[in-house]
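Asker: Just passing along the structure, written as structure tokens.
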Number of protein chains: 2
Amino acid sequence: MSTFHVVIGGGGFGGLTAAKTLGKEIQKRKLSCKLTLIDKENHHLFQPLLYQVATAGLAATDIAVPIRSILSRIPEVEVRMDTIERVDLEKKMLFCSKGILPYDFLILSLGMRVNYFGHEEWSSFCLGLKTLGDGRSIRNVILNAFEQAEIETNPKEREKYMTFVIVGGGPTGVELAGALAELSKKALKKDFRNIDPANTRIILLEAAPRILLSYNERLSALARSRLETMGVEIMVSKPVEKIEKGKIFYKGGMIEASTILWAAGVRAVDLPGLDVPKAKDGRIKVLADLTIPGHPEVFVIGDMAMVPGVPAVAPAAIQMGRYAAYEISRRVACLVGKSTGRDCLKPGAFHYFDKGMMTTLGRGKAIVQFRNFGFNGYLAWIVWLLVHIITLISFRNRLAVLIQWAWAYFRFKPGARLLSK
Amino acid sequence: MSTFHVVIGGGGFGGLTAAKTLGKEIQKRKLSCKLTLIDKENHHLFQPLLYQVATAGLAATDIAVPIRSILSRIPEVEVRMDTIERVDLEKKMLFCSKGILPYDFLILSLGMRVNYFGHEEWSSFCLGLKTLGDGRSIRNVILNAFEQAEIETNPKEREKYMTFVIVGGGPTGVELAGALAELSKKALKKDFRNIDPANTRIILLEAAPRILLSYNERLSALARSRLETMGVEIMVSKPVEKIEKGKIFYKGGMIEASTILWAAGVRAVDLPGLDVPKAKDGRIKVLADLTIPGHPEVFVIGDMAMVPGVPAVAPAAIQMGRYAAYEISRRVACLVGKSTGRDCLKPGAFHYFDKGMMTTLGRGKAIVQFRNFGFNGYLAWIVWLLVHIITLISFRNRLAVLIQWAWAYFRFKPGARLLSK
């Protein structure tokens, strides 16, 4: 009996779920399969809370866990820290910077990266938030701005240090703005002598006529008024035209700010050799079973896959990872004759179960939209908190996160305020 | 009544204790004093546990706390994140990279830095451990070595990745070696498929005839045999002659190792303008009251001060910080006439209260030497743990550290195993 080699690219929600599920299925069905999971980082990142690392609410270790330690109990899985450079779909080989991996089945779950829409030159003046490194960089920039403002004697320069512009009013921009408002207006309140962090200007710049376009108009308006109460200035219908160091030009105006953050766009990671139909944002137009045309052995899942009606959120990636793993184990079982009959006829289209979406606006405030039903306020925040703690359950540090949050909640003192290299 | 300006350079144990004590004294004696604490970092670092960040046992945020948040409740203290470049003792001015600070009293507590004894070129192949950044860099190097070994197919190269040399058998070297042994032989046990981390070679290289020279011979020998049981190879009387990338030459031999760590020496930070008698390791030879000759307004404390019989440890820095703060507040009170009589005649020499010293050798093992009395084993480790938790008490994250430790202790799974930039 030959051994099937399944290669998984990416250790995010999709790839990790696929590895775990496939590990279990292999054991259950007693299949001869070898799994390799490749990621360029050694850790899985709990992206939904990355904005908290950027705003000094959580430590990096609270939301990142070594992939090896998550998968250490599945002996069939080998974790490889390596960079995927190219795929050869015909030869069924993945070219990495430290070696070539042949595969029988391939699951690609490489996620998305920050997109400046053709203005890559903006990236040096306007940090995006996607990796743990980004989170740390943004935190350093934010904390450093307050340190500089405290020392600065020129009032005009000081004002620049205390002005923060966030480009993009989607969930990431909104969560960043809310957390930044809490950091400056509450947590840092007593820390400075020459400046009052409560005077910080936080501006959320959105090109569309309203923020949180993916939510209904009522929740979007609620979020807006909530953020405004917290001191965030919201400017809609203001597409960005140019960004320079410390200056941002939008339609009809300009703001001087030492900190400009980019939460306005992402696009799927490009993998050379993956020459298949793609959407405008680089996502792969997969078939109903999440494979690519002509290659039933190649699955694309998570944010990288474009499936009509399925948003780029963690629950979707998790469901796709589980689906791809089941599909592969089912097909392998049929190929080796361990499974026969009806199981081997199953057409197997992927179905998304919509778990809704939620965005937090700060301490005790959130909005939740579940299909046609939406709610907000403290209850929404409790739901948000529970969902995130439950999802973090596979992480060893859920307890640390909980304590950190409880502490921050009662003391208004985000603890991870470290400036470091 | 004129306002006295006290400037404190350095936010380590000495500087921070001085700021806290002086803040209290100012309030108690109702003095008109302004304090400025300057540090180039925004955080105080709990140095005694830095080796645990380097070996992935603790997260950076567990042992570092923003100086501002520690001092936020003392309104007389202004914290300034800035780099001290030069002192002018005659003009009583401190020159920083972002401004000039005049002072009436100055407390210098700038600590020590890694010293390669004239071989600064070794620093790129052989990381030292002094700052939080160093701790993170060493952790990245160590974790990366295992990742490379896992991928490497050439057995000779793989062996190099799995060989770790620590130069210097003092407390830092010993603690690093012990923690590295636990990391590789226990925590990483099930994480890899192509290598067995238990085969890691950890070599502790010492120039003197025995390790832990500051301890008595019995405890030093006990520590040695304990480390050897844990799998650490100890080589004494082997002064280092040359270090190249991946190669270390010592008297009589050479070892190839991708990771070489430097724990063999430190020297006091040099401050231009501080032209006073210094010891060989750069420490300032202070007078009995911790001031420098001819300048009763300038105190040098902590590791930076050379006081016969006082070791460069945290308790000494804390005691010196408290002493300098009392002295300054006493003198100011006498100068402004708030205090008179005997209090203003007090000669005030600094007296060190020896609290002993302790070094941990790993899980449940430590050595403690208190004056002529020494003990070891589990009890010593409990003492070590309690002392460190009590000292950490002013830190907001003592609970997080405790949980992290408890978790690591029961699970053998150091949690902070993040490779990151």
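Scheme for the structure tokens: letters A, B, ... for chains in order shown; per-chain residue numbers from 1; ligand numbers from 1 in order shown.
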After a least-squares superposition on chain B over all sequentially paired C-alpha atoms, what is chain A as a compact mmCIF listing (two decimals) with C-alpha atoms, in the first residue's frame?
Answerer:
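The new file selection06.txt reads:
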```txt
# COMPACT_ATOMS: atom_id res chain seq x y z
CA MET A 1 11.53 78.88 48.28
CA SER A 2 13.41 77.57 45.29
CA THR A 3 12.62 74.23 43.67
CA PHE A 4 15.31 71.59 43.65
CA HIS A 5 15.64 69.53 40.53
CA VAL A 6 16.73 65.93 41.01
CA VAL A 7 17.61 64.03 37.86
CA ILE A 8 17.83 60.24 37.89
CA GLY A 9 19.59 58.50 35.04
CA GLY A 10 18.40 54.92 34.49
CA GLY A 11 15.18 53.08 35.25
CA GLY A 12 16.67 49.85 36.59
CA PHE A 13 16.35 48.64 40.17
CA GLY A 14 18.51 51.48 41.53
CA GLY A 15 16.97 54.38 39.63
CA LEU A 16 13.41 53.21 40.06
CA THR A 17 13.79 52.68 43.80
CA ALA A 18 15.39 56.11 44.12
CA ALA A 19 12.48 57.72 42.25
CA LYS A 20 9.84 55.96 44.32
CA THR A 21 11.57 56.67 47.65
CA LEU A 22 12.29 60.27 46.79
CA GLY A 23 8.69 60.75 45.68
CA LYS A 24 7.48 59.56 49.08
CA GLU A 25 10.06 61.61 51.01
CA ILE A 26 9.18 64.78 49.12
CA GLN A 27 5.54 64.34 50.05
CA LYS A 28 6.32 63.43 53.65
CA ARG A 29 8.74 66.32 54.25
CA LYS A 30 6.71 68.70 52.03
CA LEU A 31 9.76 69.68 50.02
CA SER A 32 9.74 71.67 46.82
CA CYS A 33 11.42 69.17 44.53
CA LYS A 34 10.99 68.12 40.94
CA LEU A 35 12.18 64.71 39.80
CA THR A 36 13.06 63.59 36.29
CA LEU A 37 13.85 59.98 35.51
CA ILE A 38 15.52 59.36 32.16
CA ASP A 39 15.82 56.03 30.43
CA LYS A 40 16.44 55.17 26.80
CA GLU A 41 13.80 52.43 27.04
CA ASN A 42 10.19 52.93 28.09
CA HIS A 43 10.32 49.92 30.40
CA HIS A 44 11.92 48.69 33.56
CA LEU A 45 13.39 45.24 33.03
CA PHE A 46 13.37 42.55 35.69
CA GLN A 47 16.89 41.39 34.79
CA PRO A 48 17.07 38.35 37.12
CA LEU A 49 14.53 36.55 34.92
CA LEU A 50 15.82 37.71 31.54
CA TYR A 51 17.40 34.29 30.90
CA GLN A 52 13.86 32.88 30.89
CA VAL A 53 12.85 35.15 28.02
CA ALA A 54 15.98 34.00 26.18
CA THR A 55 15.03 30.35 26.67
CA ALA A 56 11.31 30.78 25.85
CA GLY A 57 10.08 30.24 29.40
CA LEU A 58 8.55 33.68 29.84
CA ALA A 59 7.18 36.35 27.52
CA ALA A 60 8.89 39.73 27.32
CA THR A 61 5.85 41.42 28.85
CA ASP A 62 6.09 39.16 31.90
CA ILE A 63 9.36 40.73 33.03
CA ALA A 64 9.13 44.27 31.70
CA VAL A 65 6.80 47.04 32.78
CA PRO A 66 6.49 50.60 31.45
CA ILE A 67 8.38 52.95 33.78
CA ARG A 68 5.58 55.52 33.40
CA SER A 69 2.97 53.17 34.73
CA ILE A 70 5.14 52.25 37.75
CA LEU A 71 5.60 55.93 38.60
CA SER A 72 2.26 57.32 37.39
CA ARG A 73 0.98 57.91 40.92
CA ILE A 74 3.86 60.15 41.94
CA PRO A 75 3.01 63.51 40.35
CA GLU A 76 6.45 64.95 41.23
CA VAL A 77 8.17 62.51 38.89
CA GLU A 78 8.47 63.18 35.20
CA VAL A 79 9.59 60.25 33.06
CA ARG A 80 11.59 61.08 29.98
CA MET A 81 12.41 58.54 27.31
CA ASP A 82 15.70 59.85 26.04
CA THR A 83 19.35 58.88 25.66
CA ILE A 84 21.88 60.41 28.03
CA GLU A 85 24.90 61.46 26.01
CA ARG A 86 27.13 63.46 28.34
CA VAL A 87 27.31 65.02 31.77
CA ASP A 88 28.87 68.38 32.61
CA LEU A 89 29.75 68.06 36.27
CA GLU A 90 30.84 71.72 36.60
CA LYS A 91 27.76 73.24 34.98
CA LYS A 92 25.54 70.59 36.59
CA MET A 93 23.87 69.69 33.33
CA LEU A 94 22.94 66.43 31.68
CA PHE A 95 23.04 66.42 27.88
CA CYS A 96 20.49 64.09 26.31
CA SER A 97 19.78 63.44 22.66
CA LYS A 98 16.55 65.44 22.87
CA GLY A 99 17.46 68.23 25.25
CA ILE A 100 19.60 69.51 28.11
CA LEU A 101 18.62 69.00 31.73
CA PRO A 102 20.12 71.13 34.52
CA TYR A 103 20.16 69.45 37.91
CA ASP A 104 20.74 70.23 41.56
CA PHE A 105 21.19 66.58 42.46
CA LEU A 106 22.02 63.76 40.09
CA ILE A 107 21.63 60.03 40.64
CA LEU A 108 23.35 57.89 38.03
CA SER A 109 22.24 54.29 37.78
CA LEU A 110 23.06 53.33 34.21
CA GLY A 111 24.00 49.73 34.92
CA MET A 112 26.28 47.54 32.89
CA ARG A 113 26.55 46.33 29.35
CA VAL A 114 27.94 43.19 27.77
CA ASN A 115 31.74 43.21 27.56
CA TYR A 116 33.74 41.23 25.01
CA PHE A 117 37.06 42.33 26.54
CA GLY A 118 38.27 44.17 23.49
CA HIS A 119 36.85 41.68 20.99
CA GLU A 120 33.77 43.61 19.92
CA GLU A 121 33.95 41.78 16.59
CA TRP A 122 32.76 38.64 18.39
CA SER A 123 29.43 40.26 19.16
CA SER A 124 27.95 39.32 15.79
CA PHE A 125 28.64 35.58 16.24
CA CYS A 126 28.10 35.39 19.94
CA LEU A 127 25.10 37.17 21.45
CA GLY A 128 25.22 38.64 24.94
CA LEU A 129 22.26 38.90 27.30
CA LYS A 130 21.55 42.25 28.88
CA THR A 131 18.52 43.95 27.29
CA LEU A 132 15.02 42.74 26.48
CA GLY A 133 16.04 42.90 22.82
CA ASP A 134 18.98 40.58 23.59
CA GLY A 135 16.60 38.17 25.27
CA ARG A 136 14.35 38.12 22.22
CA SER A 137 17.29 37.76 19.84
CA ILE A 138 18.72 34.81 21.74
CA ARG A 139 15.31 33.16 21.83
CA ASN A 140 14.99 33.59 18.06
CA VAL A 141 18.48 32.15 17.51
CA ILE A 142 17.82 29.12 19.73
CA LEU A 143 14.39 28.30 18.29
CA ASN A 144 15.62 28.90 14.78
CA ALA A 145 18.51 26.46 15.29
CA PHE A 146 16.04 23.66 16.04
CA GLU A 147 13.92 24.62 13.01
CA GLN A 148 16.99 24.51 10.78
CA ALA A 149 18.13 21.19 12.24
CA GLU A 150 14.69 19.71 11.49
CA ILE A 151 14.95 20.68 7.81
CA GLU A 152 18.68 20.03 7.35
CA THR A 153 19.54 16.76 5.59
CA ASN A 154 23.34 16.84 5.99
CA PRO A 155 24.08 15.13 9.34
CA LYS A 156 27.20 17.20 10.02
CA GLU A 157 25.36 20.47 9.48
CA ARG A 158 22.46 19.21 11.55
CA GLU A 159 24.82 18.48 14.41
CA LYS A 160 26.11 22.06 14.29
CA TYR A 161 22.56 23.38 14.59
CA MET A 162 22.04 21.16 17.61
CA THR A 163 25.19 22.29 19.42
CA PHE A 164 24.92 25.24 21.80
CA VAL A 165 27.97 26.77 23.48
CA ILE A 166 27.60 29.15 26.39
CA VAL A 167 30.73 31.10 27.26
CA GLY A 168 31.03 31.92 30.95
CA GLY A 169 30.11 29.83 33.96
CA GLY A 170 28.81 32.61 36.19
CA PRO A 171 25.18 32.78 37.31
CA THR A 172 23.91 33.95 33.88
CA GLY A 173 25.73 31.17 32.01
CA VAL A 174 24.59 28.55 34.50
CA GLU A 175 20.96 29.66 34.38
CA LEU A 176 21.01 29.78 30.59
CA ALA A 177 22.54 26.29 30.40
CA GLY A 178 20.00 24.82 32.82
CA ALA A 179 17.02 26.40 31.07
CA LEU A 180 18.33 25.38 27.65
CA ALA A 181 18.73 21.78 28.86
CA GLU A 182 15.14 21.74 30.06
CA LEU A 183 13.86 23.34 26.86
CA SER A 184 15.60 20.86 24.58
CA LYS A 185 15.37 17.69 26.63
CA LYS A 186 11.87 18.14 27.95
CA ALA A 187 9.73 20.93 26.50
CA LEU A 188 10.50 20.28 22.84
CA LYS A 189 10.48 16.50 23.21
CA LYS A 190 7.47 15.74 20.98
CA ASP A 191 7.63 18.70 18.63
CA PHE A 192 9.97 17.44 15.92
CA ARG A 193 9.90 14.50 13.51
CA ASN A 194 13.39 14.43 11.98
CA ILE A 195 15.49 15.33 15.01
CA ASP A 196 15.36 14.39 18.65
CA PRO A 197 15.91 17.56 20.67
CA ALA A 198 17.07 15.34 23.55
CA ASN A 199 20.30 14.87 21.57
CA THR A 200 21.10 18.56 21.83
CA ARG A 201 24.65 19.28 23.00
CA ILE A 202 24.89 22.09 25.53
CA ILE A 203 28.43 23.08 26.44
CA LEU A 204 29.29 25.50 29.22
CA LEU A 205 32.78 26.91 28.73
CA GLU A 206 34.54 28.52 31.68
CA ALA A 207 38.03 30.05 31.83
CA ALA A 208 38.44 29.57 35.59
CA PRO A 209 39.01 26.15 37.19
CA ARG A 210 35.40 25.99 38.42
CA ILE A 211 31.97 27.44 37.62
CA LEU A 212 30.12 29.88 39.90
CA LEU A 213 33.29 31.39 41.39
CA SER A 214 31.27 33.69 43.65
CA TYR A 215 29.85 30.67 45.50
CA ASN A 216 31.76 28.40 47.87
CA GLU A 217 33.40 25.27 46.47
CA ARG A 218 30.80 22.89 47.80
CA LEU A 219 27.86 24.67 46.14
CA SER A 220 29.85 25.18 42.97
CA ALA A 221 30.57 21.43 42.77
CA LEU A 222 26.92 20.62 43.52
CA ALA A 223 25.76 22.92 40.73
CA ARG A 224 28.23 21.30 38.36
CA SER A 225 27.09 17.77 39.04
CA ARG A 226 23.44 18.84 38.86
CA LEU A 227 23.95 20.45 35.46
CA GLU A 228 25.85 17.39 34.24
CA THR A 229 22.95 15.17 35.29
CA MET A 230 20.73 17.42 33.16
CA GLY A 231 23.00 16.77 30.19
CA VAL A 232 25.11 19.94 30.18
CA GLU A 233 28.78 19.40 29.31
CA ILE A 234 30.95 21.58 31.51
CA MET A 235 34.47 22.48 30.44
CA VAL A 236 36.55 24.45 32.95
CA SER A 237 39.99 26.08 32.61
CA LYS A 238 39.22 26.71 28.95
CA PRO A 239 39.70 30.38 28.15
CA VAL A 240 38.26 31.41 24.79
CA GLU A 241 40.80 32.42 22.20
CA LYS A 242 38.77 33.25 19.14
CA ILE A 243 35.17 33.22 17.95
CA GLU A 244 34.11 33.03 14.31
CA LYS A 245 30.72 32.45 12.76
CA GLY A 246 29.71 28.98 13.97
CA LYS A 247 33.11 28.20 15.50
CA ILE A 248 34.62 28.79 18.89
CA PHE A 249 38.33 28.27 19.63
CA TYR A 250 39.39 27.74 23.23
CA LYS A 251 42.70 26.80 24.81
CA GLY A 252 43.40 23.38 23.40
CA GLY A 253 40.46 22.87 21.11
CA MET A 254 37.59 24.02 18.91
CA ILE A 255 33.84 23.43 18.77
CA GLU A 256 31.53 23.93 15.81
CA ALA A 257 28.18 25.26 16.93
CA SER A 258 25.61 27.42 15.17
CA THR A 259 24.64 29.01 18.48
CA ILE A 260 27.28 30.58 20.70
CA LEU A 261 26.11 32.69 23.63
CA TRP A 262 28.22 35.10 25.64
CA ALA A 263 27.81 35.24 29.41
CA ALA A 264 31.44 35.88 30.22
CA GLY A 265 31.58 39.53 31.12
CA VAL A 266 29.98 42.89 31.63
CA ARG A 267 31.32 46.37 32.22
CA ALA A 268 29.79 49.58 33.52
CA VAL A 269 28.19 51.88 30.97
CA ASP A 270 30.57 54.72 30.10
CA LEU A 271 29.18 58.23 30.46
CA PRO A 272 31.29 60.91 28.72
CA GLY A 273 32.09 63.74 31.11
CA LEU A 274 32.13 61.52 34.17
CA ASP A 275 35.89 61.80 34.63
CA VAL A 276 36.32 60.19 38.01
CA PRO A 277 38.34 57.20 39.28
CA LYS A 278 37.07 53.94 37.85
CA ALA A 279 37.71 50.25 38.49
CA LYS A 280 39.03 47.96 35.76
CA ASP A 281 35.49 47.02 34.72
CA GLY A 282 34.50 50.66 34.33
CA ARG A 283 32.63 50.90 37.62
CA ILE A 284 32.86 54.22 39.44
CA LYS A 285 34.85 54.25 42.68
CA VAL A 286 32.34 56.14 44.81
CA LEU A 287 32.88 57.60 48.30
CA ALA A 288 31.28 56.08 51.41
CA ASP A 289 28.09 58.11 50.76
CA LEU A 290 27.93 56.92 47.12
CA THR A 291 28.83 60.36 45.74
CA ILE A 292 31.84 61.06 43.55
CA PRO A 293 34.91 62.95 44.76
CA GLY A 294 34.37 66.72 44.76
CA HIS A 295 30.71 66.46 43.79
CA PRO A 296 28.50 65.73 46.77
CA GLU A 297 25.49 66.37 44.53
CA VAL A 298 26.25 63.43 42.21
CA PHE A 299 25.40 59.91 43.37
CA VAL A 300 26.38 56.79 41.48
CA ILE A 301 24.42 53.67 42.44
CA GLY A 302 23.64 50.13 41.38
CA ASP A 303 25.93 48.00 39.23
CA MET A 304 27.61 51.16 38.00
CA ALA A 305 29.03 51.91 41.46
CA MET A 306 32.08 50.14 42.84
CA VAL A 307 31.73 49.75 46.61
CA PRO A 308 34.13 47.28 48.24
CA GLY A 309 32.26 44.21 49.47
CA VAL A 310 29.04 45.02 47.62
CA PRO A 311 28.18 42.70 44.72
CA ALA A 312 26.48 43.83 41.51
CA VAL A 313 23.07 42.39 42.36
CA ALA A 314 19.52 43.75 42.43
CA PRO A 315 19.19 43.96 46.25
CA ALA A 316 22.34 46.11 46.40
CA ALA A 317 20.99 48.47 43.72
CA ILE A 318 17.67 48.74 45.56
CA GLN A 319 19.41 49.53 48.86
CA MET A 320 21.64 52.13 47.19
CA GLY A 321 18.64 53.74 45.47
CA ARG A 322 16.84 54.03 48.77
CA TYR A 323 19.95 55.41 50.47
CA ALA A 324 20.60 58.06 47.80
CA ALA A 325 16.95 59.16 47.90
CA TYR A 326 16.98 59.54 51.70
CA GLU A 327 20.30 61.39 51.58
CA ILE A 328 19.06 63.87 48.99
CA SER A 329 15.77 64.52 50.76
CA ARG A 330 17.62 64.94 54.07
CA ARG A 331 20.07 67.42 52.55
CA VAL A 332 17.34 69.38 50.78
CA ALA A 333 15.35 69.54 54.04
CA CYS A 334 18.43 70.91 55.83
CA LEU A 335 19.19 73.39 53.05
CA VAL A 336 15.71 74.90 53.11
CA GLY A 337 15.57 74.83 56.91
CA LYS A 338 12.81 72.22 57.15
CA SER A 339 15.15 70.07 59.13
CA THR A 340 17.75 71.19 61.66
CA GLY A 341 19.97 69.96 64.45
CA ARG A 342 21.26 66.42 64.59
CA ASP A 343 19.58 65.31 61.36
CA CYS A 344 21.75 67.80 59.49
CA LEU A 345 24.99 66.53 60.99
CA LYS A 346 24.49 62.89 60.05
CA PRO A 347 27.54 61.72 58.14
CA GLY A 348 25.52 59.03 56.34
CA ALA A 349 27.72 56.27 54.96
CA PHE A 350 26.00 53.58 52.91
CA HIS A 351 25.76 50.18 54.59
CA TYR A 352 24.98 47.10 52.59
CA PHE A 353 22.76 44.47 54.10
CA ASP A 354 23.77 41.19 52.51
CA LYS A 355 20.69 39.21 51.52
CA GLY A 356 22.75 36.38 50.06
CA MET A 357 22.69 35.10 46.53
CA MET A 358 20.93 32.38 44.64
CA THR A 359 21.06 30.73 41.25
CA THR A 360 18.50 28.38 39.78
CA LEU A 361 19.62 25.29 37.90
CA GLY A 362 16.27 24.31 36.44
CA ARG A 363 12.96 22.89 37.53
CA GLY A 364 13.02 22.32 41.28
CA LYS A 365 16.76 22.90 41.66
CA ALA A 366 18.73 25.87 42.93
CA ILE A 367 21.63 26.85 45.14
CA VAL A 368 21.44 29.53 47.82
CA GLN A 369 24.37 31.05 49.67
CA PHE A 370 23.64 33.33 52.59
CA ARG A 371 26.87 34.62 54.13
CA ASN A 372 28.63 31.46 55.38
CA PHE A 373 25.58 29.30 55.09
CA GLY A 374 24.61 27.49 51.88
CA PHE A 375 21.94 25.04 50.81
CA ASN A 376 20.59 23.51 47.65
CA GLY A 377 17.93 21.30 46.09
CA TYR A 378 14.17 21.69 46.13
CA LEU A 379 14.06 23.87 49.25
CA ALA A 380 16.57 26.27 47.67
CA TRP A 381 14.41 26.42 44.58
CA ILE A 382 11.30 27.23 46.62
CA VAL A 383 13.25 30.03 48.33
CA TRP A 384 14.43 31.26 44.92
CA LEU A 385 10.85 31.21 43.61
CA LEU A 386 9.41 33.05 46.62
CA VAL A 387 12.11 35.73 46.59
CA HIS A 388 11.55 36.38 42.89
CA ILE A 389 7.79 36.50 43.19
CA ILE A 390 8.01 38.84 46.16
CA THR A 391 10.45 41.10 44.32
CA LEU A 392 8.20 41.07 41.30
CA ILE A 393 5.40 42.24 43.57
CA SER A 394 5.60 45.81 42.36
CA PHE A 395 5.03 44.51 38.86
CA ARG A 396 1.54 44.22 37.57
CA ASN A 397 2.26 40.92 35.89
CA ARG A 398 3.36 38.86 38.83
CA LEU A 399 0.21 36.82 38.47
CA ALA A 400 0.91 36.16 34.81
CA VAL A 401 4.46 35.05 35.66
CA LEU A 402 3.20 32.76 38.38
CA ILE A 403 0.66 31.14 36.07
CA GLN A 404 3.25 30.81 33.34
CA TRP A 405 5.63 29.12 35.75
CA ALA A 406 3.03 26.87 37.26
CA TRP A 407 1.98 25.84 33.78
CA ALA A 408 5.54 25.20 32.64
CA TYR A 409 6.24 23.30 35.81
CA PHE A 410 3.33 20.93 35.46
CA ARG A 411 3.43 20.57 31.72
CA PHE A 412 7.13 20.94 30.88
CA LYS A 413 5.96 23.23 28.12
CA PRO A 414 7.60 26.62 28.07
CA GLY A 415 4.99 28.74 26.43
CA ALA A 416 6.77 31.71 24.99
CA ARG A 417 8.32 29.81 22.11
CA LEU A 418 7.69 32.50 19.54
CA LEU A 419 10.07 33.10 16.72
CA SER A 420 9.57 36.64 15.62
CA LYS A 421 11.17 39.76 14.34
```
Asker: Would you please extract all strand (DSSP E or B) residues from stretch 279-402 of chain A, as assigned by DSSP on the backbone, and give them as JSON, numbers by chain?
Answerer: {"A": [284, 285, 291, 292, 295, 296, 297, 298, 299, 300, 305, 306, 357, 358, 359, 360, 361, 362, 365, 366, 367, 368, 369, 370, 373, 374, 375, 376]}
Asker: Report the residues of stretch 94-232 of chain B whose backbone DSSP state falls under helix (DSSP H, G or I), written as a ChimeraX atom specification.
Answerer: /B:120-124,132-151,155-161,171-187,197-199,217-229
